[in-house]
Amino acid sequence: MPGQSNLIIGSSGTGKTVLLKCIVGLLTPDEGSVFFDGRDFHNAGRSEIQDIRREIGMLFQGGALFDSKNVEQNVGFPLDMLTKMNRGEKLDRINFVLNRLGLTNTNKKMPSELSGGMKKRVGLARAIVNNSKYLFCDEPNSGLDPQTAIVIDHLIQEITEEFNITTIVVTHDMNSVMEIGDYVMFMYKGQMLWEGPNSDILNAEVRELQDFVYSNKLMMALKEQSS
Amino acid sequence: MKIIGKYFIFLQSLFVKRESFNTYIRLTIDECIKVGIDSVFIVVIISTFIGAVTAVQTAYNFVTPLIPRYVISLIVRDMTLLELAPTITAIVFAGKVGSNIAGELGTMRISEQVDALEVMGINSSSFLVLPKILACVLMYPLLVILAGNLSILGGYIAATLTGEMTPSEYVYGIRVDFIEFNVTFALIKSVVFAFLIASISAFTGYYTAGGALEVGKASTKAVTSSCIAILSADYLLAQLLL
C-alpha cells in the first residue's frame, strides 16, 4: 500500500536479507514470484524490468555510497543515469532531498568524511531522489547509536507518508519495530510465521515471535510492568 | 574449466544492456588518466634502467674483438622491441593497474556498491569494467611506445657514459638490419596484454566475496593470473607471428 511501511523482522540468519534481495532482483528465487503492481518481476522482459527498477530505491546496510563521488554526485547518480533532467533541475532536486533529510551544506563532502548516521541519510536521499514508488531498507539502523537510529527510523516513516511510498524495512531491532511500521511480518528459519498490524505484535500467540520480541530486556521490563 | 567458462560469460555480460555512448566516453577518459598518465612515472624509471642494464650486460659478455661493438645496440634494440618493452612493462602494469582494478572492484562488491548499481537497473559489470578495459587497451600501447624509446635511450646513456661504445656506433647499431614488423609485433602484443590484464583483474575483483581479507587475496590473485596469462600469450604470439 502506498504510504505504508512494512517490516520484515526476525533473528539474524533467518533469511530476511535474502528475501529482500529476491524482491529487488539481486537474487533469483528458487520458486515463487515477485509482483510489482501486477507485473511479475522475475519473468518480465528487459524493458519492463528496467521500468520496475526505476521505481525502486534501496537503502543498504552500510549505505553503499560510491567512494569516489561526493554527496551531491552520489545523490544525483540515479538522476544522471535514469533521467533526462538538465543540470539545474538535477541540482534543485538533489538540494531539495538533502535539505529534507537534514543534510544541508554537505554537497561537496566525500563519503569518508561522513558519520555512520549521515551515510545512512545520504543513502536514503539517493534511494528517494528519483521519486521512487518503492523503498527497501536493509537493517537501516545497524551500527548506529540508539539516538541516531531513532532519527533514521523517523525519517523513513516520515518519507514514506510524505512521498506516498511503499516501504519495506528489514530489521531485527525491536526499537525500530516499536517506532515505525504499519504492518509486520515475522520470519523464522526461512519461513514467515506471523504477519499482522504492528499493534497486534505484542499479543501475537506465536511462541517464536514472543521469544524474539521479549529477548530485548527493555521489552521484557515493559511486559513485567504492564502485567 | 568452470572459472574459464565464467570468465567468458563475464566478458559477454560487458556488451549486453549497455548504458549510453556518452557515459562510456566520460568513464573511459577518467580511466585513461588513472591507468595511463598515472603509470608513466613507473614505466619511465623501469624502461630506462632496463635498457641501460641490457646495454651494460651485453657489452660485458662481448669478450672477443671479432664482434663489432655496434652489435650491442642492435641487441638492445631487438630485445627492447621484441620482449622488454611490451612484456616486462606488462608485468609491471599488471602489478600496478591490475591490482588496483581488482582491489577497487572487490571493495565495491563487498561494500554493496555493485548491488546499488544493479538495483538502479544499471549493468554493473558493463558500467564498471568496460571503461577500464577500453582505457587499458588504448593507453598501454602508448606506454609500450614510451618504454621502447626510453629503453633504447637508457642503453645509449649507459653504453656511451661507460665508454663501451661511441655515440655514432650506438646509433649505427640501432639502425642496422632494422625489421619494421618488430614494432608492429610489439604493438600487437601490447593490445593483447592490456586486454588480458584489465579483463582478468576485473573478473577477479568483480566476483570477490567476503571481507577485506578477500579483497587483498583478489588483488594478489589478479596479478598472479595476469602474469601467467601474459607469459602464455607472449609465447603463443611469438609462435604465431614470428
# chains A, B, ... in the order shown; residues from 1 in each chain; ligands from 1
call {"tool": "residues_around", "arguments": {"residues": "Tyr24 of chain B", "least_positions_apart": "4", "cutoff": "9 Å", "atoms": "only C-alpha atoms", "output": "short mmCIF file (atom, residue, chain, number, x, y, z; two decimals) with all heavy atoms, in the first residue's frame"}}
result
data_model
loop_
_atom_site.label_atom_id
_atom_site.label_comp_id
_atom_site.auth_asym_id
_atom_site.auth_seq_id
_atom_site.Cartn_x
_atom_site.Cartn_y
_atom_site.Cartn_z
N GLU B 19 24.97 1.11 -21.20
CA GLU B 19 24.49 2.47 -20.97
C GLU B 19 24.73 3.30 -22.24
O GLU B 19 25.22 2.77 -23.24
CB GLU B 19 25.21 3.09 -19.77
CG GLU B 19 25.04 2.31 -18.48
CD GLU B 19 23.60 2.05 -18.10
OE1 GLU B 19 22.78 2.97 -18.22
OE2 GLU B 19 23.28 0.92 -17.71
N SER B 20 24.45 4.61 -22.15
CA SER B 20 24.61 5.45 -23.34
C SER B 20 26.09 5.59 -23.73
O SER B 20 26.98 5.45 -22.88
CB SER B 20 24.01 6.83 -23.09
OG SER B 20 24.82 7.53 -22.19
N THR B 28 35.58 6.31 -19.75
CA THR B 28 36.83 5.82 -20.35
C THR B 28 37.93 6.88 -20.25
O THR B 28 39.09 6.55 -19.96
CB THR B 28 36.60 5.42 -21.83
OG1 THR B 28 35.55 4.45 -21.87
CG2 THR B 28 37.84 4.82 -22.45
N ILE B 29 37.57 8.15 -20.44
CA ILE B 29 38.57 9.22 -20.31
C ILE B 29 39.11 9.25 -18.87
O ILE B 29 40.32 9.35 -18.64
CB ILE B 29 37.98 10.59 -20.72
CG1 ILE B 29 37.72 10.59 -22.23
CG2 ILE B 29 38.89 11.74 -20.33
CD1 ILE B 29 36.92 11.76 -22.74
N PHE B 127 29.16 -1.24 -16.83
CA PHE B 127 29.38 0.14 -16.38
C PHE B 127 30.74 0.30 -15.72
O PHE B 127 31.44 1.29 -15.94
CB PHE B 127 28.27 0.53 -15.39
CG PHE B 127 28.35 1.93 -14.88
CD1 PHE B 127 27.91 3.00 -15.64
CD2 PHE B 127 28.89 2.19 -13.62
CE1 PHE B 127 27.98 4.29 -15.17
CE2 PHE B 127 28.97 3.49 -13.15
CZ PHE B 127 28.52 4.54 -13.91
N LEU B 130 33.90 -2.25 -18.52
CA LEU B 130 34.17 -1.93 -19.92
C LEU B 130 35.08 -0.69 -20.09
O LEU B 130 36.05 -0.73 -20.85
CB LEU B 130 32.86 -1.78 -20.70
CG LEU B 130 32.95 -1.84 -22.21
CD1 LEU B 130 33.64 -3.10 -22.70
CD2 LEU B 130 31.56 -1.74 -22.85
N PRO B 131 34.81 0.41 -19.35
CA PRO B 131 35.71 1.57 -19.49
C PRO B 131 37.14 1.26 -19.07
O PRO B 131 38.09 1.81 -19.66
CB PRO B 131 35.09 2.61 -18.55
CG PRO B 131 33.67 2.21 -18.40
CD PRO B 131 33.66 0.71 -18.47
#
call {"tool": "residues_around", "arguments": {"residues": "segment 21-25 of chain A", "least_positions_apart": "5", "cutoff": "9 Å", "atoms": "only C-alpha atoms", "output": "PyMOL selection string"}}
result
(chain A and resi 16+33-35+41-42+53+56+58+136) or (chain B and resi 118-119)
call {"tool": "residues_around", "arguments": {"residues": "segment 217-223 of chain A", "least_positions_apart": "2", "cutoff": "10 Å", "atoms": "only C-alpha atoms", "output": "VMD selection string"}}
result
chain A and resid 174 to 175 178 202 213 to 215 225 to 227
call {"tool": "write_last_selection", "arguments": {"atoms": "N, CA and C atoms", "output": "compact mmCIF listing (two decimals), in the first residue's frame"}}
result
# COMPACT_ATOMS: atom_id res chain seq x y z
N MET A 174 14.07 -4.41 17.82
CA MET A 174 12.70 -4.22 18.34
C MET A 174 12.37 -2.75 18.56
N ASN A 175 13.42 -1.94 18.81
CA ASN A 175 13.15 -0.50 18.96
C ASN A 175 12.56 0.06 17.67
N MET A 178 8.96 -0.93 17.25
CA MET A 178 8.02 -0.13 18.03
C MET A 178 7.88 1.29 17.48
N LEU A 202 2.49 -7.49 20.08
CA LEU A 202 2.77 -7.84 21.47
C LEU A 202 1.83 -8.93 21.99
N VAL A 213 10.49 -11.09 20.47
CA VAL A 213 10.11 -9.76 20.95
C VAL A 213 10.65 -9.54 22.36
N TYR A 214 10.52 -10.55 23.20
CA TYR A 214 10.90 -10.35 24.61
C TYR A 214 12.34 -10.78 24.92
N SER A 215 13.14 -10.99 23.88
CA SER A 215 14.57 -11.21 24.11
C SER A 215 15.24 -9.89 24.47
N GLN A 225 6.09 -4.80 33.74
CA GLN A 225 5.45 -3.62 34.34
C GLN A 225 3.94 -3.62 34.05
N SER A 226 3.62 -3.97 32.79
CA SER A 226 2.20 -3.93 32.41
C SER A 226 1.39 -5.07 33.07
N SER A 227 2.09 -6.19 33.37
CA SER A 227 1.35 -7.29 34.00
C SER A 227 1.37 -7.11 35.53
call {"tool": "closest_atom_pairs", "arguments": {"of": "chain A", "to": "chain B", "cutoff": "9 Å", "atoms": "only C-alpha atoms", "output": "JSON lines"}}
result
{"residue": "A:Val24", "atom": "CA", "partner": "B:Val119", "partner_atom": "CA", "distance": 6.6}
{"residue": "A:Gly25", "atom": "CA", "partner": "B:Val119", "partner_atom": "CA", "distance": 7.2}
{"residue": "A:Leu26", "atom": "CA", "partner": "B:Asp115", "partner_atom": "CA", "distance": 7.0}
{"residue": "A:Arg46", "atom": "CA", "partner": "B:Lys17", "partner_atom": "CA", "distance": 8.7}
{"residue": "A:Ile49", "atom": "CA", "partner": "B:Gly121", "partner_atom": "CA", "distance": 7.9}
{"residue": "A:Gln50", "atom": "CA", "partner": "B:Gly121", "partner_atom": "CA", "distance": 5.7}
{"residue": "A:Asp51", "atom": "CA", "partner": "B:Gly121", "partner_atom": "CA", "distance": 8.5}
{"residue": "A:Ile52", "atom": "CA", "partner": "B:Gly121", "partner_atom": "CA", "distance": 8.6}
{"residue": "A:Arg53", "atom": "CA", "partner": "B:Gly121", "partner_atom": "CA", "distance": 5.4}
{"residue": "A:Arg54", "atom": "CA", "partner": "B:Met120", "partner_atom": "CA", "distance": 6.2}
{"residue": "A:Glu55", "atom": "CA", "partner": "B:Met120", "partner_atom": "CA", "distance": 8.7}
{"residue": "A:Ile56", "atom": "CA", "partner": "B:Met120", "partner_atom": "CA", "distance": 7.2}
{"residue": "A:Gly57", "atom": "CA", "partner": "B:Met120", "partner_atom": "CA", "distance": 7.4}
{"residue": "A:Met58", "atom": "CA", "partner": "B:Val119", "partner_atom": "CA", "distance": 7.3}
{"residue": "A:Leu59", "atom": "CA", "partner": "B:Ala116", "partner_atom": "CA", "distance": 8.6}
{"residue": "A:Phe60", "atom": "CA", "partner": "B:Glu112", "partner_atom": "CA", "distance": 7.3}
{"residue": "A:Gln61", "atom": "CA", "partner": "B:Glu112", "partner_atom": "CA", "distance": 8.5}
{"residue": "A:Gly62", "atom": "CA", "partner": "B:Ser111", "partner_atom": "CA", "distance": 7.0}
{"residue": "A:Gly63", "atom": "CA", "partner": "B:Glu112", "partner_atom": "CA", "distance": 8.2}
{"residue": "A:Ala64", "atom": "CA", "partner": "B:Gln113", "partner_atom": "CA", "distance": 4.8}
{"residue": "A:Leu65", "atom": "CA", "partner": "B:Gln113", "partner_atom": "CA", "distance": 6.5}
{"residue": "A:Phe66", "atom": "CA", "partner": "B:Gln113", "partner_atom": "CA", "distance": 6.3}
{"residue": "A:Asp67", "atom": "CA", "partner": "B:Met108", "partner_atom": "CA", "distance": 8.4}
{"residue": "A:Pro78", "atom": "CA", "partner": "B:Met120", "partner_atom": "CA", "distance": 7.0}
{"residue": "A:Met81", "atom": "CA", "partner": "B:Ile122", "partner_atom": "CA", "distance": 8.1}
{"residue": "A:Leu82", "atom": "CA", "partner": "B:Met120", "partner_atom": "CA", "distance": 8.2}
call {"tool": "write_last_selection", "arguments": {"atoms": "N, CA and C atoms", "output": "PDB file, in the first residue's frame"}}
result
ATOM      1  N   VAL A  24      14.087  -7.315  -4.694  1.00  0.00           N
ATOM      2  CA  VAL A  24      14.647  -6.244  -5.548  1.00  0.00           C
ATOM      3  C   VAL A  24      15.403  -6.783  -6.762  1.00  0.00           C
ATOM      4  N   GLY A  25      15.478  -8.110  -6.883  1.00  0.00           N
ATOM      5  CA  GLY A  25      16.068  -8.692  -8.087  1.00  0.00           C
ATOM      6  C   GLY A  25      17.559  -8.929  -8.021  1.00  0.00           C
ATOM      7  N   LEU A  26      18.157  -8.778  -6.833  1.00  0.00           N
ATOM      8  CA  LEU A  26      19.594  -9.071  -6.723  1.00  0.00           C
ATOM      9  C   LEU A  26      19.838 -10.571  -6.666  1.00  0.00           C
ATOM     10  N   ARG A  46      13.091  -7.384 -20.582  1.00  0.00           N
ATOM     11  CA  ARG A  46      14.167  -6.491 -20.139  1.00  0.00           C
ATOM     12  C   ARG A  46      13.674  -5.068 -19.893  1.00  0.00           C
ATOM     13  N   ILE A  49      11.548  -4.882 -16.775  1.00  0.00           N
ATOM     14  CA  ILE A  49      12.395  -4.966 -15.578  1.00  0.00           C
ATOM     15  C   ILE A  49      13.044  -3.606 -15.317  1.00  0.00           C
ATOM     16  N   GLN A  50      13.514  -2.969 -16.392  1.00  0.00           N
ATOM     17  CA  GLN A  50      14.124  -1.635 -16.247  1.00  0.00           C
ATOM     18  C   GLN A  50      13.116  -0.640 -15.670  1.00  0.00           C
ATOM     19  N   ASP A  51      11.871  -0.717 -16.193  1.00  0.00           N
ATOM     20  CA  ASP A  51      10.834   0.191 -15.688  1.00  0.00           C
ATOM     21  C   ASP A  51      10.604  -0.020 -14.201  1.00  0.00           C
ATOM     22  N   ILE A  52      10.551  -1.302 -13.799  1.00  0.00           N
ATOM     23  CA  ILE A  52      10.323  -1.596 -12.374  1.00  0.00           C
ATOM     24  C   ILE A  52      11.492  -1.092 -11.535  1.00  0.00           C
ATOM     25  N   ARG A  53      12.704  -1.345 -12.045  1.00  0.00           N
ATOM     26  CA  ARG A  53      13.891  -0.940 -11.288  1.00  0.00           C
ATOM     27  C   ARG A  53      13.939   0.574 -11.077  1.00  0.00           C
ATOM     28  N   ARG A  54      13.455   1.311 -12.062  1.00  0.00           N
ATOM     29  CA  ARG A  54      13.461   2.770 -11.928  1.00  0.00           C
ATOM     30  C   ARG A  54      12.501   3.241 -10.833  1.00  0.00           C
ATOM     31  N   GLU A  55      11.578   2.360 -10.447  1.00  0.00           N
ATOM     32  CA  GLU A  55      10.624   2.729  -9.392  1.00  0.00           C
ATOM     33  C   GLU A  55      11.117   2.301  -8.010  1.00  0.00           C
ATOM     34  N   ILE A  56      12.290   1.631  -7.990  1.00  0.00           N
ATOM     35  CA  ILE A  56      12.797   1.083  -6.731  1.00  0.00           C
ATOM     36  C   ILE A  56      13.929   1.941  -6.197  1.00  0.00           C
ATOM     37  N   GLY A  57      13.883   2.209  -4.885  1.00  0.00           N
ATOM     38  CA  GLY A  57      15.024   2.824  -4.206  1.00  0.00           C
ATOM     39  C   GLY A  57      15.418   1.911  -3.069  1.00  0.00           C
ATOM     40  N   MET A  58      16.714   1.809  -2.819  1.00  0.00           N
ATOM     41  CA  MET A  58      17.117   0.902  -1.740  1.00  0.00           C
ATOM     42  C   MET A  58      18.178   1.542  -0.856  1.00  0.00           C
ATOM     43  N   LEU A  59      17.952   1.418   0.448  1.00  0.00           N
ATOM     44  CA  LEU A  59      18.943   1.849   1.430  1.00  0.00           C
ATOM     45  C   LEU A  59      19.659   0.603   1.933  1.00  0.00           C
ATOM     46  N   PHE A  60      20.959   0.546   1.656  1.00  0.00           N
ATOM     47  CA  PHE A  60      21.733  -0.637   2.049  1.00  0.00           C
ATOM     48  C   PHE A  60      22.234  -0.505   3.488  1.00  0.00           C
ATOM     49  N   GLN A  61      22.613  -1.662   4.017  1.00  0.00           N
ATOM     50  CA  GLN A  61      23.033  -1.740   5.419  1.00  0.00           C
ATOM     51  C   GLN A  61      24.179  -0.766   5.735  1.00  0.00           C
ATOM     52  N   GLY A  62      25.157  -0.696   4.849  1.00  0.00           N
ATOM     53  CA  GLY A  62      26.294   0.203   5.103  1.00  0.00           C
ATOM     54  C   GLY A  62      26.192   1.512   4.340  1.00  0.00           C
ATOM     55  N   GLY A  63      25.065   1.757   3.723  1.00  0.00           N
ATOM     56  CA  GLY A  63      24.883   2.976   2.929  1.00  0.00           C
ATOM     57  C   GLY A  63      25.209   2.749   1.466  1.00  0.00           C
ATOM     58  N   ALA A  64      26.294   1.965   1.203  1.00  0.00           N
ATOM     59  CA  ALA A  64      26.736   1.643  -0.173  1.00  0.00           C
ATOM     60  C   ALA A  64      26.936   2.895  -1.026  1.00  0.00           C
ATOM     61  N   LEU A  65      27.505   3.919  -0.412  1.00  0.00           N
ATOM     62  CA  LEU A  65      27.796   5.141  -1.179  1.00  0.00           C
ATOM     63  C   LEU A  65      29.021   4.899  -2.051  1.00  0.00           C
ATOM     64  N   PHE A  66      29.054   5.527  -3.218  1.00  0.00           N
ATOM     65  CA  PHE A  66      30.209   5.368  -4.116  1.00  0.00           C
ATOM     66  C   PHE A  66      31.368   6.205  -3.563  1.00  0.00           C
ATOM     67  N   ASP A  67      32.458   5.505  -3.228  1.00  0.00           N
ATOM     68  CA  ASP A  67      33.588   6.157  -2.543  1.00  0.00           C
ATOM     69  C   ASP A  67      34.199   7.303  -3.335  1.00  0.00           C
ATOM     70  N   PRO A  78      21.397   8.509  -9.582  1.00  0.00           N
ATOM     71  CA  PRO A  78      20.224   7.943 -10.275  1.00  0.00           C
ATOM     72  C   PRO A  78      19.622   8.915 -11.288  1.00  0.00           C
ATOM     73  N   MET A  81      21.778   8.790 -14.439  1.00  0.00           N
ATOM     74  CA  MET A  81      21.696   7.550 -15.205  1.00  0.00           C
ATOM     75  C   MET A  81      20.293   7.254 -15.724  1.00  0.00           C
ATOM     76  N   LEU A  82      19.278   7.691 -14.985  1.00  0.00           N
ATOM     77  CA  LEU A  82      17.924   7.225 -15.305  1.00  0.00           C
ATOM     78  C   LEU A  82      16.988   8.309 -15.818  1.00  0.00           C
TER      79      LEU A  82
END
call {"tool": "select_by_dssp", "arguments": {"residues": "segment 43-108 of chain A", "states": "helix (DSSP H, G or I)", "output": "PDB file with N, CA and C atoms, in the first residue's frame"}}
result
ATOM      1  N   ASN A  43       9.894 -12.685 -14.238  1.00  0.00           N
ATOM      2  CA  ASN A  43       9.560 -13.239 -15.555  1.00  0.00           C
ATOM      3  C   ASN A  43       9.252 -12.140 -16.569  1.00  0.00           C
ATOM      4  N   ARG A  46      13.091  -7.384 -20.582  1.00  0.00           N
ATOM      5  CA  ARG A  46      14.167  -6.491 -20.139  1.00  0.00           C
ATOM      6  C   ARG A  46      13.674  -5.068 -19.893  1.00  0.00           C
ATOM      7  N   SER A  47      12.847  -4.546 -20.824  1.00  0.00           N
ATOM      8  CA  SER A  47      12.415  -3.153 -20.663  1.00  0.00           C
ATOM      9  C   SER A  47      11.466  -3.003 -19.471  1.00  0.00           C
ATOM     10  N   GLU A  48      10.637  -4.048 -19.249  1.00  0.00           N
ATOM     11  CA  GLU A  48       9.719  -3.974 -18.107  1.00  0.00           C
ATOM     12  C   GLU A  48      10.498  -4.038 -16.785  1.00  0.00           C
ATOM     13  N   ILE A  49      11.548  -4.882 -16.775  1.00  0.00           N
ATOM     14  CA  ILE A  49      12.395  -4.966 -15.578  1.00  0.00           C
ATOM     15  C   ILE A  49      13.044  -3.606 -15.317  1.00  0.00           C
ATOM     16  N   GLN A  50      13.514  -2.969 -16.392  1.00  0.00           N
ATOM     17  CA  GLN A  50      14.124  -1.635 -16.247  1.00  0.00           C
ATOM     18  C   GLN A  50      13.116  -0.640 -15.670  1.00  0.00           C
ATOM     19  N   ASP A  51      11.871  -0.717 -16.193  1.00  0.00           N
ATOM     20  CA  ASP A  51      10.834   0.191 -15.688  1.00  0.00           C
ATOM     21  C   ASP A  51      10.604  -0.020 -14.201  1.00  0.00           C
ATOM     22  N   ILE A  52      10.551  -1.302 -13.799  1.00  0.00           N
ATOM     23  CA  ILE A  52      10.323  -1.596 -12.374  1.00  0.00           C
ATOM     24  C   ILE A  52      11.492  -1.092 -11.535  1.00  0.00           C
ATOM     25  N   ARG A  53      12.704  -1.345 -12.045  1.00  0.00           N
ATOM     26  CA  ARG A  53      13.891  -0.940 -11.288  1.00  0.00           C
ATOM     27  C   ARG A  53      13.939   0.574 -11.077  1.00  0.00           C
ATOM     28  N   ARG A  54      13.455   1.311 -12.062  1.00  0.00           N
ATOM     29  CA  ARG A  54      13.461   2.770 -11.928  1.00  0.00           C
ATOM     30  C   ARG A  54      12.501   3.241 -10.833  1.00  0.00           C
ATOM     31  N   VAL A  71      28.868  13.730  -1.922  1.00  0.00           N
ATOM     32  CA  VAL A  71      27.455  13.547  -1.547  1.00  0.00           C
ATOM     33  C   VAL A  71      26.529  13.930  -2.707  1.00  0.00           C
ATOM     34  N   GLU A  72      26.800  15.087  -3.304  1.00  0.00           N
ATOM     35  CA  GLU A  72      25.954  15.573  -4.398  1.00  0.00           C
ATOM     36  C   GLU A  72      25.960  14.594  -5.571  1.00  0.00           C
ATOM     37  N   GLN A  73      27.154  14.105  -5.906  1.00  0.00           N
ATOM     38  CA  GLN A  73      27.261  13.158  -7.037  1.00  0.00           C
ATOM     39  C   GLN A  73      26.600  11.816  -6.706  1.00  0.00           C
ATOM     40  N   ASN A  74      26.733  11.389  -5.449  1.00  0.00           N
ATOM     41  CA  ASN A  74      26.086  10.141  -5.040  1.00  0.00           C
ATOM     42  C   ASN A  74      24.565  10.245  -5.149  1.00  0.00           C
ATOM     43  N   VAL A  75      24.039  11.335  -4.604  1.00  0.00           N
ATOM     44  CA  VAL A  75      22.574  11.504  -4.611  1.00  0.00           C
ATOM     45  C   VAL A  75      22.078  11.737  -6.041  1.00  0.00           C
ATOM     46  N   GLY A  76      22.882  12.448  -6.823  1.00  0.00           N
ATOM     47  CA  GLY A  76      22.464  12.750  -8.195  1.00  0.00           C
ATOM     48  C   GLY A  76      22.676  11.603  -9.169  1.00  0.00           C
ATOM     49  N   PHE A  77      23.358  10.558  -8.722  1.00  0.00           N
ATOM     50  CA  PHE A  77      23.697   9.463  -9.646  1.00  0.00           C
ATOM     51  C   PHE A  77      22.470   8.838 -10.332  1.00  0.00           C
ATOM     52  N   PRO A  78      21.397   8.509  -9.582  1.00  0.00           N
ATOM     53  CA  PRO A  78      20.224   7.943 -10.275  1.00  0.00           C
ATOM     54  C   PRO A  78      19.622   8.915 -11.288  1.00  0.00           C
ATOM     55  N   LEU A  79      19.706  10.202 -10.987  1.00  0.00           N
ATOM     56  CA  LEU A  79      19.167  11.200 -11.932  1.00  0.00           C
ATOM     57  C   LEU A  79      20.024  11.245 -13.197  1.00  0.00           C
ATOM     58  N   ASP A  80      21.353  11.152 -13.018  1.00  0.00           N
ATOM     59  CA  ASP A  80      22.266  11.141 -14.176  1.00  0.00           C
ATOM     60  C   ASP A  80      21.994   9.943 -15.076  1.00  0.00           C
ATOM     61  N   MET A  81      21.778   8.790 -14.439  1.00  0.00           N
ATOM     62  CA  MET A  81      21.696   7.550 -15.205  1.00  0.00           C
ATOM     63  C   MET A  81      20.293   7.254 -15.724  1.00  0.00           C
ATOM     64  N   LEU A  82      19.278   7.691 -14.985  1.00  0.00           N
ATOM     65  CA  LEU A  82      17.924   7.225 -15.305  1.00  0.00           C
ATOM     66  C   LEU A  82      16.988   8.309 -15.818  1.00  0.00           C
ATOM     67  N   ARG A  87      21.000  20.016 -15.878  1.00  0.00           N
ATOM     68  CA  ARG A  87      21.832  20.142 -14.672  1.00  0.00           C
ATOM     69  C   ARG A  87      21.133  20.933 -13.556  1.00  0.00           C
ATOM     70  N   GLY A  88      20.438  22.016 -13.959  1.00  0.00           N
ATOM     71  CA  GLY A  88      19.745  22.858 -12.978  1.00  0.00           C
ATOM     72  C   GLY A  88      18.642  22.093 -12.266  1.00  0.00           C
ATOM     73  N   GLU A  89      17.866  21.360 -13.045  1.00  0.00           N
ATOM     74  CA  GLU A  89      16.766  20.573 -12.456  1.00  0.00           C
ATOM     75  C   GLU A  89      17.304  19.525 -11.489  1.00  0.00           C
ATOM     76  N   LYS A  90      18.410  18.892 -11.917  1.00  0.00           N
ATOM     77  CA  LYS A  90      19.009  17.867 -11.043  1.00  0.00           C
ATOM     78  C   LYS A  90      19.458  18.477  -9.718  1.00  0.00           C
ATOM     79  N   LEU A  91      20.139  19.624  -9.826  1.00  0.00           N
ATOM     80  CA  LEU A  91      20.668  20.260  -8.618  1.00  0.00           C
ATOM     81  C   LEU A  91      19.537  20.672  -7.683  1.00  0.00           C
ATOM     82  N   ASP A  92      18.437  21.175  -8.262  1.00  0.00           N
ATOM     83  CA  ASP A  92      17.282  21.557  -7.430  1.00  0.00           C
ATOM     84  C   ASP A  92      16.742  20.340  -6.692  1.00  0.00           C
ATOM     85  N   ARG A  93      16.605  19.255  -7.426  1.00  0.00           N
ATOM     86  CA  ARG A  93      16.048  18.043  -6.827  1.00  0.00           C
ATOM     87  C   ARG A  93      16.983  17.487  -5.730  1.00  0.00           C
ATOM     88  N   ILE A  94      18.299  17.490  -6.034  1.00  0.00           N
ATOM     89  CA  ILE A  94      19.283  16.984  -5.053  1.00  0.00           C
ATOM     90  C   ILE A  94      19.225  17.831  -3.785  1.00  0.00           C
ATOM     91  N   ASN A  95      19.226  19.153  -3.961  1.00  0.00           N
ATOM     92  CA  ASN A  95      19.215  20.033  -2.782  1.00  0.00           C
ATOM     93  C   ASN A  95      17.931  19.899  -1.989  1.00  0.00           C
ATOM     94  N   PHE A  96      16.805  19.714  -2.705  1.00  0.00           N
ATOM     95  CA  PHE A  96      15.522  19.530  -2.014  1.00  0.00           C
ATOM     96  C   PHE A  96      15.582  18.290  -1.119  1.00  0.00           C
ATOM     97  N   VAL A  97      16.073  17.182  -1.688  1.00  0.00           N
ATOM     98  CA  VAL A  97      16.110  15.925  -0.930  1.00  0.00           C
ATOM     99  C   VAL A  97      17.113  16.019   0.225  1.00  0.00           C
ATOM    100  N   LEU A  98      18.275  16.618  -0.064  1.00  0.00           N
ATOM    101  CA  LEU A  98      19.287  16.743   1.004  1.00  0.00           C
ATOM    102  C   LEU A  98      18.758  17.611   2.149  1.00  0.00           C
ATOM    103  N   ASN A  99      18.099  18.713   1.811  1.00  0.00           N
ATOM    104  CA  ASN A  99      17.543  19.575   2.864  1.00  0.00           C
ATOM    105  C   ASN A  99      16.480  18.841   3.667  1.00  0.00           C
ATOM    106  N   ARG A 100      15.672  18.067   2.937  1.00  0.00           N
ATOM    107  CA  ARG A 100      14.594  17.339   3.625  1.00  0.00           C
ATOM    108  C   ARG A 100      15.145  16.338   4.645  1.00  0.00           C
TER     109      ARG A 100
END
call {"tool": "residues_around", "arguments": {"residues": "Gly98 of chain B", "least_positions_apart": "3", "cutoff": "7 Å", "atoms": "only C-alpha atoms", "output": "list in words"}}
result
Phe93, Ala94, Gly95, Ile101, Ala102, Ile197, Ala198, Ser201, Ala222 and Val223 of chain B
call {"tool": "write_last_selection", "arguments": {"atoms": "C-alpha atoms", "output": "PDB file, in the first residue's frame"}}
result
ATOM      1  CA  PHE B  93      51.440  -2.797 -15.451  1.00  0.00           C
ATOM      2  CA  ALA B  94      49.719  -5.895 -14.030  1.00  0.00           C
ATOM      3  CA  GLY B  95      51.247  -5.177 -10.639  1.00  0.00           C
ATOM      4  CA  ILE B 101      41.350  -2.734 -10.662  1.00  0.00           C
ATOM      5  CA  ALA B 102      40.826  -5.912  -8.606  1.00  0.00           C
ATOM      6  CA  ILE B 197      45.437  -7.621 -17.596  1.00  0.00           C
ATOM      7  CA  ALA B 198      42.288  -5.491 -17.463  1.00  0.00           C
ATOM      8  CA  SER B 201      41.868  -8.320 -12.915  1.00  0.00           C
ATOM      9  CA  ALA B 222      44.681 -10.770 -10.187  1.00  0.00           C
ATOM     10  CA  VAL B 223      48.402 -10.029 -10.526  1.00  0.00           C
TER      11      VAL B 223
END
